[in-house]
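Data first, discussion second: the structure below is written as structure tokens.
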2 protein chains.
Amino acid sequence: MLSPQSAIPLYQQLKDDLREKIKTGALGPDERLPSERELCAQYHVSRMTVRQALAELVNEGLLYRTHGKGTFVARPRIDQELVRVTPFESTLRSKGLRPATKILGSRMVSADYEMATALAIPLLSPLVNLTLLGLGNEQPVAYYSAYFPEKIGHKMVEAARLRLSQGVSFTTYDLYNDLPEVSPARLTQSFEAIAADDRLAEILQVSPGKPLMHITTVVYLEDGRPSEYRHSYYRADMYRFHITRPAK
Amino acid sequence: MLSPQSAIPLYQQLKDDLREKIKTGALGPDERLPSERELCAQYHVSRMTVRQALAELVNEGLLYRTHGKGTFVARPRIDQELVRVTPFESTLRSKGLRPATKILGSRMVSADYEMATALAIPLLSPLVNLTLLGLGNEQPVAYYSAYFPEKIGHKMVEAARLRLSQGVSFTTYDLYNDLPEVSPARLTQSFEAIAADDRLAEILQVSPGKPLMHITTVVYLEDGRPSEYRHSYYRADMYRFHITRPAK
DNA sequence: AAGTGGTCTAGACCACCGA
DNA sequence: CGGTGGTCTAGACCACTTT
């Protein structure tokens with residue numbers, strides 16, 4: 001039974017209820033759900049409310065529907081519970097490594113062509129460059145170099161220092177959580193396998209020529225403004241990047 | 001003005017209309033759209049119809065909304081027009097290379113532990129293994145080894161031979177378009193940078209030890225059933241994998 | 001207070017599917 | 001044919017933001 005007076009929207013409650021039934025197995029794979037009109041009657045809500053709940057569950061991949069037949073529970077995917085943005089800390093912990101982060105430096109730079117294009121700002125605009133080293137059991141595993149517009153950047157650096165003083169490991173992802181006024185909406189990332197050059201080999205403590213994963217990220221806010229341009233380099237033997245996405 | 005009698009749903013027509021206005025610049029970045037109620041009046045549709053159109057455009061990242069303020073045009077992202085699943089052929093053409101595909105082989109195998117887990121089938125189930133080589137200007141650039149459940153697999157192999165006989169380059173992505181009864185809904189992929197071992201070095205014509213991008217893919221259909229398990233290896237110097245996704 | 005988006009109702013007609 | 005999801009209407013009340 002849903003609580004109509006609650007602060008939680010009805011369609012959310014219905015979603016949670018159905019999600020629970022699927023997770024516990026009360027609704028098994030390929031099982032047909034009650035029809036939309038039946039759900040209306042069962043939960044005493046209108047069809048729009050039911051449809052909003054079902055639509056979002058289809059979007060999340062938990063249900064699928066066929067016109068004229070009904071709505072069904074999707075087969076669970078292996079990684080259904082995997083987080084979508086792999087957080088640094090849990091990734092290392094799951095490998096049994098003690099995570100830590102070091103701030104290599106923060107400085108002001110002026111935007112070169114690449115940064116200016118990515119961040120949609122004029123050439124030579126002032127940027128804050130924050131470089132971090134991710135460690136697992138004191139061994140370097142990842143190197144980050146992030147560029148922020150000035151205003152966001154100073155706050156990011158502050159947030160990073162705060163995290164560091166608390167002895168918590170983090171990446172720039174985590175720092176966004178410390179700045180509630182800046183919330184990322186989407187990312188573009190490109191993945192490249194590269195061979196370590198002398199500089200990166202030195203930083204990550206591997207032999208030159210060893211494979212590294214190079215990820216270039218642009219973070220965008222809700223209004224479509226870019227808030228960060230970042231290069232990340234991961235030791236290939238320590239890192240695997242996993243992603244789930246709609247086809248087509 | 002929308003055509004109510006048309007086969008195209010009203011909210012689709014509205015979406016297309018707004019999308020057009022954004023693309024042509026009639027609605028610029030950060031510009032406020034008419035309120036939902038105003039759009040109702042302008043287009044002579046109900047608020048639900050307007051909301052469905054707006055919701056989908058927000059979902060696609062073209063608009064953003066703020067409670068109490070209004071709906072706004074998002075800043076365009078650099079890669080807004082980029083396709084989400086990078087097709088082999090256009091990737092190479094954009095680099096000025098003539099793409100081609102070779103079928104290295106197709107054979108029946110029985111599922112080992114890894115394949116069985118990924119495809120959610122019993123151990124030792126019969127699978128079709130299709131191996132392809134992607135070429136650019138006659139040089140190998142990518143190696144694919146895909147495993148399909150028997151039924152789908154035979155059709156895939158047939159589709160591949162047909163494509164080949166037409167002299168078209170393709171990957172297994174493209175083959176799904178030839179099988180309308182099997183339509184992928186989502187993918188999971190993991191990216192790893194590896195060093196070429198002797199076998200891969202031989203296949204891809206690079207020196208052993210050179211970096212390669214190794215992508216492991218599982219393709220899922222609408223009902224959540226896996227339809228393919230695939231290992232792909234790309235020459236790192238020829239390939240860059242690009243992706244856009246929601247944050248969080 | 002007025003306007004915005006967020007949620008919700010109670011109807012309606014259509015196209016698709018199975019018996 | 002009856003039941004299903006897909007689309008749509010014309011209202012309603014709420015929470016949030018700005019004036």
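By convention in this document, the chains of the structure tokens carry letters A, B, ... by their order, each chain's residues are numbered from 1, and ligands are numbered from 1 in the order they are shown.
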message: Within 6 Å of chain A, which residues belong to chain B? Use only C-alpha atoms and report them as number ranges by chain.
response: B: 64, 74-75, 85, 185-195, 211-213, 223-225, 236, 240-247
message: With only C-alpha atoms (C1' of nucleotides) considered, list every residue of chain D at most 9 Å from chain A, as a ChimeraX atom specification.
response: /D:3-6
Selected residues written out, N, CA and C atoms (P, O5', C5', C4', C3', O3' and C1' of nucleotides), as a compact mmCIF listing (two decimals), in the first residue's frame:
```txt
# COMPACT_ATOMS: atom_id res chain seq x y z
P DG D 3 -11.36 -8.38 -21.32
O5' DG D 3 -9.78 -8.15 -21.46
C5' DG D 3 -8.92 -9.28 -21.47
C4' DG D 3 -7.52 -8.83 -21.83
C3' DG D 3 -7.03 -7.64 -20.99
O3' DG D 3 -5.76 -7.95 -20.44
C1' DG D 3 -6.70 -7.24 -23.29
P DT D 4 -4.97 -6.89 -19.56
O5' DT D 4 -3.85 -6.29 -20.51
C5' DT D 4 -2.74 -7.11 -20.92
C4' DT D 4 -1.96 -6.37 -21.96
C3' DT D 4 -1.48 -5.00 -21.53
O3' DT D 4 -0.24 -5.10 -20.89
C1' DT D 4 -2.32 -4.99 -23.78
P DG D 5 0.32 -3.86 -20.10
O5' DG D 5 0.91 -2.96 -21.28
C5' DG D 5 2.09 -3.35 -21.97
C4' DG D 5 2.24 -2.53 -23.24
C3' DG D 5 2.80 -1.11 -23.03
O3' DG D 5 3.64 -0.79 -24.13
C1' DG D 5 0.71 -0.98 -24.05
P DG D 6 4.20 0.71 -24.33
O5' DG D 6 3.15 1.38 -25.33
C5' DG D 6 3.36 1.29 -26.74
C4' DG D 6 2.84 2.56 -27.39
C3' DG D 6 3.42 3.85 -26.78
O3' DG D 6 3.74 4.76 -27.84
C1' DG D 6 1.08 3.90 -26.66
```
message: Could you list, as a list in words, every residue within 12 Å of C:DA10, counting only C-alpha atoms (C1' of nucleotides) and ignoring same-chain residues fewer than 6 positions away?
response: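 Non-adjacent residues within range: Cys40, Val45, Ser46, Arg47 and Met48 of chain A; DT9, DA10, DG11 and DA12 of chain D.
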message: Residues of chain C within 10 Å of chain A, counting only C-alpha atoms (C1' of nucleotides) - could you list those as a list in words?
response: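 Within 10 Å of chain A on chain C, we get DG6, DT7, DC8, DT9, DA10, DA15, DC16, DC17 and DG18 of chain C.
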message: Can you pull out every residue from stretch 108-233 of chain B that DSSP, working from the backbone, puts in alpha helix (DSSP H), and format the result as an NGL selection string?
response: :B and (113-119 or 150-165 or 172-178 or 198-204)
message: For the structure I just gave you, how does DSSP split stretch 64-214 of chain A - specifically, which residues are strand (DSSP E or B)? Reply as a VMD selection string.
response: chain A and resid 64 to 66 70 to 73 99 to 110 126 to 136 139 to 149 184 to 195 211 to 214
query: What does the distance from atom CA of A:Gln42 to atom C1' of C:DA12 come to in Å, to one decimal?
result: 21.5 Å
Two-atom distance - atom CA of A:Pro180, atom CA of A:Asn129 (Å): 20.7 Å
